[in-house]
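Shown here: query_25.txt, compact mmCIF, C-alpha atoms.
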```txt
# COMPACT_ATOMS: atom_id res chain seq x y z
CA MET A 112 -14.14 -8.02 -16.17
CA ARG A 113 -11.47 -9.00 -18.69
CA CYS A 114 -7.70 -8.59 -18.51
CA HIS A 115 -6.56 -5.58 -20.54
CA ALA A 116 -3.51 -7.54 -21.75
CA CYS A 117 -4.70 -11.11 -22.50
CA ARG A 118 -8.53 -10.80 -22.35
CA GLY A 119 -8.75 -13.63 -19.80
CA PRO A 120 -10.73 -13.25 -16.53
CA ALA A 121 -9.32 -10.30 -14.57
CA ASN A 122 -8.22 -10.26 -10.94
CA VAL A 123 -7.15 -6.69 -10.23
CA GLU A 124 -9.27 -3.73 -11.24
CA ILE A 125 -7.60 -0.33 -11.78
CA ARG A 126 -10.64 1.90 -11.46
CA ARG A 127 -8.84 5.18 -12.13
CA SER A 128 -7.87 4.01 -15.63
CA ARG A 129 -10.93 1.77 -16.17
CA THR A 130 -8.76 -1.27 -16.78
CA ALA A 131 -8.12 -4.60 -15.10
CA TYR A 132 -5.45 -7.30 -15.26
CA CYS A 133 -5.31 -11.02 -14.53
CA ALA A 134 -2.88 -12.40 -11.95
CA ARG A 135 -0.54 -13.56 -14.73
CA CYS A 136 -0.33 -10.19 -16.52
CA TYR A 137 -0.56 -7.91 -13.47
CA PRO A 138 3.05 -8.17 -12.16
CA ALA A 139 4.42 -7.15 -15.56
CA TRP A 140 2.04 -4.15 -15.66
CA PHE A 141 3.08 -3.15 -12.13
CA ARG A 142 6.81 -3.38 -12.88
CA THR A 143 6.33 -1.43 -16.12
CA GLN A 144 4.74 1.38 -14.08
CA VAL A 145 7.73 1.34 -11.71
CA GLN A 146 10.23 1.34 -14.57
CA GLU A 147 8.44 4.21 -16.31
CA ARG A 148 8.62 6.36 -13.18
CA ILE A 149 12.31 5.52 -12.63
CA ASP A 150 13.07 6.52 -16.21
CA HIS A 151 10.77 9.54 -16.44
CA GLU A 152 11.93 11.07 -13.16
CA ARG A 153 15.56 9.99 -13.76
CA MET A 154 15.57 8.42 -10.31
CA PHE A 155 18.67 6.26 -10.75
CA ARG A 156 20.75 4.31 -13.26
CA ARG A 157 21.45 0.60 -13.42
CA ASP A 158 25.08 1.09 -12.39
CA GLN A 159 24.16 2.88 -9.16
CA GLY A 160 23.87 1.24 -5.73
CA ILE A 161 20.35 1.52 -4.31
CA LEU A 162 19.42 1.15 -0.65
CA VAL A 163 15.76 0.22 -0.17
CA ALA A 164 14.21 1.35 3.12
CA VAL A 165 12.53 -1.86 4.34
CA SER A 166 9.82 -2.12 7.01
CA GLY A 167 8.51 -5.64 6.39
CA GLY A 168 5.28 -4.16 5.02
CA LYS A 169 3.81 -4.61 1.55
CA ASP A 170 5.13 -1.39 0.03
CA SER A 171 8.81 -1.75 0.86
CA LEU A 172 8.90 -5.47 0.05
CA ALA A 173 6.97 -4.95 -3.21
CA LEU A 174 9.42 -2.19 -4.15
CA TRP A 175 12.47 -4.27 -3.31
CA HIS A 176 11.01 -7.24 -5.22
CA ALA A 177 10.13 -5.14 -8.28
CA LEU A 178 13.57 -3.47 -8.38
CA THR A 179 15.42 -6.79 -8.24
CA GLU A 180 13.09 -8.29 -10.87
CA LEU A 181 13.85 -5.27 -13.07
CA GLY A 182 17.56 -6.01 -12.71
CA TYR A 183 18.61 -3.24 -10.33
CA ARG A 184 21.35 -3.66 -7.73
CA ALA A 185 19.24 -3.04 -4.64
CA ASP A 186 20.11 -3.87 -1.03
CA GLY A 187 17.74 -3.40 1.90
CA MET A 188 17.94 -1.70 5.24
CA TYR A 189 15.73 -2.35 8.26
CA ILE A 190 15.60 -0.31 11.48
CA ARG A 191 14.66 -2.14 14.68
CA LEU A 192 12.39 0.52 16.14
CA GLY A 193 11.60 -1.33 19.38
CA ILE A 194 7.80 -1.39 18.97
CA GLY A 195 7.28 -4.66 20.88
CA ASP A 196 5.99 -7.75 19.06
CA TYR A 197 5.17 -5.68 15.97
CA SER A 198 8.85 -4.86 15.46
CA GLN A 199 9.88 -8.47 16.02
CA ARG A 200 7.39 -9.72 13.43
CA SER A 201 8.29 -7.07 10.85
CA GLN A 202 12.01 -7.78 11.36
CA ALA A 203 11.39 -11.51 10.81
CA LYS A 204 9.46 -10.79 7.57
CA SER A 205 12.24 -8.51 6.29
CA GLU A 206 14.97 -11.02 7.15
CA ALA A 207 13.06 -13.91 5.56
CA PHE A 208 12.47 -11.92 2.35
CA ALA A 209 16.19 -11.13 2.07
CA SER A 210 17.51 -14.59 2.94
CA GLU A 211 15.08 -16.43 0.63
CA ARG A 212 16.37 -14.33 -2.28
CA GLY A 213 20.03 -14.07 -1.28
CA LEU A 214 19.75 -10.28 -0.85
CA THR A 215 21.73 -8.07 1.55
CA LEU A 216 19.78 -6.56 4.44
CA HIS A 217 21.55 -4.00 6.64
CA GLN A 218 20.10 -3.42 10.10
CA VAL A 219 20.27 -0.78 12.81
CA ASP A 220 18.99 -1.53 16.31
CA LEU A 221 17.80 1.80 17.67
CA LYS A 222 17.88 0.80 21.33
CA GLU A 223 21.33 -0.78 21.10
CA ALA A 224 22.87 1.95 18.98
CA GLN A 225 21.16 5.01 20.43
CA GLY A 226 19.79 4.07 23.86
CA PHE A 227 16.12 4.70 23.09
CA ALA A 228 13.26 3.20 21.08
CA VAL A 229 10.32 4.72 19.18
CA PRO A 230 7.84 4.33 22.12
CA ASP A 231 10.14 6.75 24.04
CA LEU A 232 9.35 9.47 21.51
CA LEU A 233 5.66 10.17 22.14
CA ASP A 234 4.59 13.65 21.12
CA THR A 235 3.17 15.54 24.09
CA ARG A 236 0.25 16.95 22.06
CA SER A 237 -0.79 14.04 19.81
CA GLY A 238 0.41 11.23 22.11
CA LYS A 239 1.90 9.57 18.99
CA PRO A 240 5.51 9.00 17.97
CA CYS A 241 4.81 8.97 14.19
CA ALA A 242 6.53 12.29 13.37
CA ALA A 243 9.58 11.38 15.48
CA CYS A 244 9.62 7.89 13.96
CA GLY A 245 9.77 9.54 10.52
CA THR A 246 12.80 11.57 11.66
CA VAL A 247 14.48 8.40 12.99
CA LYS A 248 13.95 6.60 9.68
CA ARG A 249 15.11 9.49 7.47
CA TYR A 250 18.22 9.98 9.61
CA HIS A 251 19.36 6.36 9.75
CA PHE A 252 18.48 5.44 6.17
CA ASN A 253 20.44 8.45 4.98
CA LYS A 254 23.39 7.89 7.33
CA VAL A 255 23.80 4.20 6.50
CA ALA A 256 23.46 4.90 2.76
CA ALA A 257 26.09 7.68 2.94
CA ASP A 258 28.45 5.65 5.17
CA LEU A 259 28.26 2.56 2.94
CA GLY A 260 28.49 4.43 -0.36
CA TYR A 261 24.94 3.94 -1.74
CA GLU A 262 23.99 6.65 -4.18
CA VAL A 263 20.21 6.47 -3.71
CA VAL A 264 17.73 5.66 -0.94
CA ALA A 265 14.45 4.26 -2.35
CA THR A 266 11.32 4.22 -0.19
CA GLY A 267 7.98 2.48 -0.73
CA HIS A 268 5.82 5.62 -0.47
CA ASN A 269 2.75 5.02 -2.62
CA LEU A 270 0.04 7.18 -4.16
CA ASP A 271 -2.12 7.03 -1.02
CA ASP A 272 0.80 8.05 1.23
CA GLU A 273 1.71 10.95 -1.00
CA ALA A 274 -1.87 12.13 -1.53
CA ALA A 275 -2.52 11.96 2.25
CA THR A 276 0.68 13.93 2.97
CA LEU A 277 -0.30 16.52 0.37
CA PHE A 278 -3.81 16.72 1.82
CA GLY A 279 -2.39 17.28 5.33
CA ASN A 280 0.05 19.91 4.13
CA VAL A 281 -2.70 21.76 2.26
CA MET A 282 -5.07 21.49 5.24
CA HIS A 283 -2.47 23.16 7.46
CA TRP A 284 -0.84 25.26 4.71
CA ASN A 285 2.60 23.88 5.50
CA VAL A 286 4.17 25.77 2.62
CA ASP A 287 7.73 24.63 3.44
CA TYR A 288 6.71 20.98 3.32
CA LEU A 289 4.63 21.51 0.17
CA GLY A 290 7.73 22.86 -1.55
CA ARG A 291 9.68 19.72 -0.70
CA GLN A 292 7.06 17.11 -1.61
CA GLY A 293 8.05 15.18 -4.68
CA PRO A 294 9.13 11.78 -5.99
CA VAL A 295 12.81 12.78 -6.13
CA LEU A 296 14.79 14.73 -3.57
CA ALA A 297 18.20 15.59 -4.98
CA SER A 298 21.33 15.48 -2.87
CA THR A 299 22.31 18.98 -1.71
CA HIS A 300 25.23 17.97 0.56
CA PRO A 301 27.92 15.26 0.27
CA LYS A 302 26.38 13.47 3.28
CA LEU A 303 22.79 13.80 2.07
CA VAL A 304 21.88 10.93 -0.24
CA ARG A 305 19.38 11.28 -3.09
CA LYS A 306 15.86 10.05 -2.08
CA VAL A 307 13.39 8.53 -4.53
CA LYS A 308 9.86 7.09 -4.38
CA PRO A 309 9.36 4.78 -7.38
CA LEU A 310 5.82 3.71 -6.26
CA TYR A 311 4.44 7.22 -5.88
CA ARG A 312 1.87 6.82 -8.67
CA LEU A 313 0.73 3.32 -7.63
CA SER A 314 -2.03 3.02 -5.03
CA GLU A 315 -1.80 1.02 -1.82
CA ARG A 316 -4.35 -1.38 -3.26
CA GLU A 317 -2.24 -1.90 -6.39
CA THR A 318 0.90 -2.45 -4.30
CA ALA A 319 -0.92 -4.90 -2.00
CA ALA A 320 -2.25 -6.78 -5.05
CA TYR A 321 1.33 -7.09 -6.38
CA ALA A 322 2.53 -8.40 -3.01
CA ILE A 323 -0.29 -10.96 -2.83
CA ILE A 324 0.11 -12.16 -6.42
CA GLU A 325 3.90 -12.44 -6.05
CA ARG A 326 3.33 -14.30 -2.74
CA LEU A 327 5.40 -11.85 -0.72
CA ASP A 328 5.10 -12.65 2.97
CA TYR A 329 4.61 -9.17 4.48
CA ILE A 330 3.38 -7.90 7.83
CA LEU A 331 -0.31 -7.28 7.39
CA GLU A 332 -1.25 -5.58 10.61
CA GLU A 333 -0.98 -1.86 11.17
CA CYS A 334 1.77 -0.40 13.36
CA PRO A 335 0.08 -0.31 16.80
CA MET A 336 1.48 3.17 17.43
CA ALA A 337 -0.11 4.56 14.24
CA LYS A 338 -3.69 3.84 15.36
CA GLY A 339 -5.59 7.13 15.25
CA ALA A 340 -2.81 8.84 13.25
CA LYS A 341 -3.89 11.81 11.14
CA SER A 342 -2.50 10.19 7.99
CA LEU A 343 -5.01 7.34 8.38
CA ALA A 344 -7.89 9.81 8.75
CA TYR A 345 -6.74 11.62 5.58
CA LYS A 346 -6.48 8.33 3.70
CA GLY A 347 -10.01 7.43 4.80
CA MET A 348 -11.37 10.74 3.54
CA LEU A 349 -9.53 10.44 0.23
CA ASN A 350 -10.78 6.87 -0.24
CA ALA A 351 -14.36 8.04 0.42
CA LEU A 352 -13.86 10.58 -2.38
CA GLU A 353 -12.22 7.95 -4.59
CA GLU A 354 -15.30 5.73 -4.15
CA GLU A 355 -17.40 8.41 -5.86
CA GLN A 356 -14.73 9.76 -8.20
CA PRO A 357 -12.23 7.09 -9.32
CA GLY A 358 -8.91 8.80 -10.03
CA ALA A 359 -9.44 11.62 -7.50
CA LYS A 360 -6.29 10.77 -5.49
CA TYR A 361 -4.18 10.42 -8.62
CA GLY A 362 -5.47 13.70 -10.06
CA PHE A 363 -4.90 15.51 -6.76
CA LEU A 364 -1.27 14.38 -6.42
CA VAL A 365 -0.17 14.39 -10.04
CA GLY A 366 -1.96 17.71 -10.65
CA PHE A 367 -0.03 19.23 -7.75
CA LEU A 368 3.30 17.87 -8.95
CA LYS A 369 2.70 19.10 -12.50
CA GLN A 370 1.12 22.46 -11.76
CA GLY A 371 0.88 23.34 -8.07
CA ARG A 372 4.47 22.78 -6.94
CA HIS A 373 5.85 25.52 -9.15
CA ALA A 374 3.56 28.02 -7.46
CA VAL A 375 4.96 27.20 -4.01
CA PRO A 376 7.80 29.48 -2.83
CA GLY A 377 11.03 27.43 -2.84
CA GLY A 378 9.26 24.55 -4.50
CA ASP A 379 12.35 23.31 -6.29
CA PHE A 380 11.97 19.85 -4.75
CA ASP A 381 15.53 19.67 -3.50
CA GLN A 382 16.41 18.96 0.07
CA ALA A 383 17.50 21.99 2.13
CA THR A 384 20.43 23.85 0.56
CA ASP A 385 21.74 25.95 3.47
CA LEU A 386 23.28 22.96 5.22
CA ARG A 387 26.18 22.55 7.63
CA GLU A 388 27.23 19.60 9.76
CA CYS A 389 25.66 18.89 13.15
CA THR A 390 28.16 19.76 15.89
CA ARG A 391 27.49 16.43 17.61
CA CYS A 392 26.88 13.75 14.95
CA GLY A 393 28.25 15.42 11.81
CA GLN A 394 25.09 14.82 9.77
CA PRO A 395 23.73 17.62 7.55
CA THR A 396 21.47 20.14 9.29
CA THR A 397 20.36 23.72 9.02
CA GLY A 398 21.10 24.50 12.70
CA GLU A 399 23.91 23.86 15.19
CA LEU A 400 22.44 20.62 16.50
CA CYS A 401 20.36 18.49 14.12
CA ALA A 402 16.69 17.63 14.77
CA TYR A 403 17.62 13.98 15.30
CA CYS A 404 20.19 14.71 18.04
CA LYS A 405 17.71 16.95 19.88
CA MET A 406 15.05 14.27 19.63
CA ALA A 407 17.48 11.52 20.67
CA ASP A 408 18.27 13.45 23.88
CA ARG A 409 14.57 13.46 24.69
CA GLY A 410 14.27 9.74 23.86
CA ARG A 411 17.24 8.73 26.04
CA LYS A 412 15.87 10.77 28.95
CA LYS A 413 12.50 9.08 28.64
CA SER A 414 14.10 5.64 28.29
CA ALA A 415 16.21 6.23 31.42
CA SER A 416 13.23 7.43 33.46
CA LYS A 417 11.23 4.34 32.39
CA ALA A 418 14.14 2.07 33.41
CA ALA A 419 14.39 3.83 36.80
CA LYS A 420 10.65 3.40 37.34
CA TYR A 421 10.81 -0.35 36.68
CA ALA A 422 13.93 -0.70 38.90
CA ARG A 423 12.03 0.71 41.89
CA MET B 288 -21.31 -16.82 3.05
CA ARG B 289 -18.45 -16.96 5.51
CA VAL B 290 -16.17 -13.92 5.31
CA THR B 291 -12.89 -13.61 7.22
CA ILE B 292 -11.68 -10.05 7.72
CA LEU B 293 -7.92 -9.70 8.14
CA PRO B 294 -5.67 -8.92 9.99
CA ASP B 295 -7.64 -9.94 13.11
CA ARG B 296 -9.40 -12.79 11.25
CA GLU B 297 -12.82 -11.62 12.40
CA VAL B 298 -15.42 -14.00 10.90
CA ARG B 299 -18.74 -12.65 9.61
CA GLU B 300 -21.70 -14.29 7.88
CA VAL B 301 -22.66 -12.03 4.98
CA ASP B 302 -25.35 -12.23 2.34
CA ALA B 303 -24.01 -10.71 -0.90
CA ARG B 304 -24.29 -11.63 -4.58
CA SER B 305 -21.08 -9.95 -5.77
CA VAL B 306 -17.75 -8.66 -4.47
CA GLY B 307 -18.91 -5.05 -4.82
CA GLU B 308 -22.06 -5.82 -2.86
CA LEU B 309 -20.04 -7.63 -0.19
CA LEU B 310 -17.83 -4.59 0.46
CA LYS B 311 -20.85 -2.30 0.47
CA THR B 312 -22.62 -4.55 2.98
CA LEU B 313 -19.56 -4.54 5.22
CA GLY B 314 -19.26 -0.74 4.85
CA LEU B 315 -15.71 -1.02 3.47
CA HIS B 316 -14.10 1.16 0.77
CA ARG B 317 -13.13 -0.61 -2.44
CA ASP B 318 -9.81 1.25 -2.56
CA ALA B 319 -8.84 0.22 0.95
CA HIS B 320 -9.47 -3.53 0.61
CA LEU B 321 -8.85 -6.56 -1.58
CA VAL B 322 -11.27 -9.48 -1.67
CA VAL B 323 -9.62 -12.89 -2.01
CA ARG B 324 -11.14 -16.34 -2.72
CA GLY B 325 -8.62 -19.15 -2.29
CA GLN B 326 -5.46 -17.77 -3.95
CA ASP B 327 -7.34 -15.38 -6.25
CA ILE B 328 -7.99 -11.68 -5.90
CA LEU B 329 -11.50 -10.89 -7.17
CA THR B 330 -12.74 -7.88 -9.13
CA SER B 331 -15.89 -6.12 -7.88
CA ASP B 332 -18.17 -7.65 -10.55
CA VAL B 333 -17.40 -11.28 -9.62
CA SER B 334 -20.47 -13.24 -8.46
CA LEU B 335 -20.32 -14.93 -5.09
CA SER B 336 -22.14 -18.00 -3.87
CA GLU B 337 -23.21 -19.11 -0.42
CA ALA B 338 -20.49 -21.80 -0.35
CA ASP B 339 -17.61 -19.35 -1.00
CA GLN B 340 -14.94 -18.85 1.63
CA ILE B 341 -13.88 -15.25 1.30
CA GLU B 342 -11.08 -13.20 2.87
CA VAL B 343 -11.02 -9.42 2.99
CA TRP B 344 -7.50 -7.95 3.12
CA PRO B 345 -6.98 -4.36 4.27
CA VAL B 346 -4.36 -2.46 2.27
CA ILE B 347 -3.93 0.77 4.23
CA SER B 348 -0.89 1.47 6.37
CA GLY B 349 -0.41 4.62 8.39
CA GLY B 350 1.91 6.72 10.49
CA ARG B 351 4.82 8.81 9.20
CA ARG B 352 6.86 6.88 6.63
```
In structure tokens, what does this structure look like?
Amino acid sequence: MRCHACRGPANVEIRRSRTAYCARCYPAWFRTQVQERIDHERMFRRDQGILVAVSGGKDSLALWHALTELGYRADGMYIRLGIGDYSQRSQAKSEAFASERGLTLHQVDLKEAQGFAVPDLLDTRSGKPCAACGTVKRYHFNKVAADLGYEVVATGHNLDDEAATLFGNVMHWNVDYLGRQGPVLASTHPKLVRKVKPLYRLSERETAAYAIIERLDYILEECPMAKGAKSLAYKGMLNALEEEQPGAKYGFLVGFLKQGRHAVPGGDFDQATDLRECTRCGQPTTGELCAYCKMADRGRKKSASKAAKYAR
Amino acid sequence: MRVTILPDREVREVDARSVGELLKTLGLHRDAHLVVRGQDILTSDVSLSEADQIEVWPVISGGRR
């Protein structure tokens, strides 16, 4: 295979567009894709402060790297989720990335700040904390961004993440979630920061290739708590389809965003509009007490009962 | 050839003439993995030889993000 840009030997194949790039030309192609999405979706401007949600994985570090290379003012934020050695390693990767490049990395320690960690949030039915972990991340990324005056939170969600989420929402006909799935979630409350996903049209493989070529030192192993998660099963099924039909994931997601979303009731892609402030924490919510505060109560109770058990 | 599968660094001896054939032999999806020789990512048509030291990198991450 030959590089689409320079005709030299290629390294990264993009099967959905029947092209390939060499390691020298690939980063520029990748960053052009990111820039095009930022511009096309009007995600943010160069004068705005961007907070990148950082996990130490390939997607968030590739996004942070690409944004700084493109000249954006992007700081990072990492949440210490308390998932044993995995959290320690991902924290070290995030800190090293920031310090090597002189970038600002904000951090929240969940256990210290809130009295519980993600392993205290296991769902009784699935036995997994993934949904609760998502709530933790959304809450703290938004809160820190709002408190520190960032105008946008950027996450590393890629094509595979978004296609798997869409697949799950279609499988279960989660119409409310379908209506809110998109690359930009506008702010609908002074304390609710705009959310954007600049990598949403780039596959996990393309993002990993960027991270490898740019020598980004990211955490390679999977979150131990995500093993057996539904999202991984959906990704496996979509990749099996992609094997036979290159471009299937892209067509599924982009087709939905272009055509399907408008058919979904309330599919205006904004965050909830009927918001008030949580009576306990003051963050935007549709009810009296926000979902995070309810979940945090459960987490603290579990954490306390674990501590009592070990004290015996 | 000697193939190291990340992240656990499981080592396998595999007989394959190309990158595409290697992934097929290992039963791995092309879109979920990258094949690396030395510092270079390889496209699926690249020929492999018995002396090659190959790494297979998974690219999928899961959970709610």
> Got a sec to pull out which chain A residues are within 7 Å of chain B, counting only C-alpha atoms, and send them as a ChimeraX atom specification?
Replying inline: /A:112,121-124,241-242,244-245,315-316,319,331-333,337,340,342-343,350-351,354
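Across the structure, atom CA of A:Val219 and atom CA of A:Ile190 are spaced 4.9 Å apart.
Between atom CA of A:Phe208 and atom CA of A:Gly167 lies a distance of 8.5 Å.
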>> List the spatial neighbours of stretch 398-402 of chain A as a PyMOL selection string - criterion: any atom at most 8 Å away, only C-alpha atoms, same-chain residues fewer than 2 positions off excluded.
In response: chain A and resi 246+386-391+394-396+404-406
> Can you tell me how far atom CA of A:Leu368 sits from atom CA of A:Pro294, in Å to one decimal?
Replying inline: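 So the answer is 8.9 Å.
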>> Give me, as a PyMOL selection string, all polymer residues having an atom no more than 8 Å from A:Tyr197, counting all atoms listed in the file and skipping those fewer than 4 positions away in the same chain.
In response: chain A and resi 201+334-335
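For the set B:Val306, B:Val290, B:Leu313, B:Val301, the residue with the smallest atom-to-atom gap to B:Leu335 is B:Val306, counting only C-alpha atoms.
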>> Can you tell me which residues surround A:His251 at a distance of at most 12 Å, considering all atoms listed in the file, apart from same-chain residues fewer than 6 positions away, and format the answer as a list in words?
In response: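 Selected residues are Leu162, Ala164, Val165, Met188, Tyr189, Ile190, Arg191, Leu192, His217, Gln218, Val219, Asp220, Leu221, Ala224, Gln225, Cys244, Gly245, Ala257, Asp258, Leu259, Val264, Lys302, Leu303, Val304, Cys392, Gln394, Tyr403 and Cys404 of chain A.
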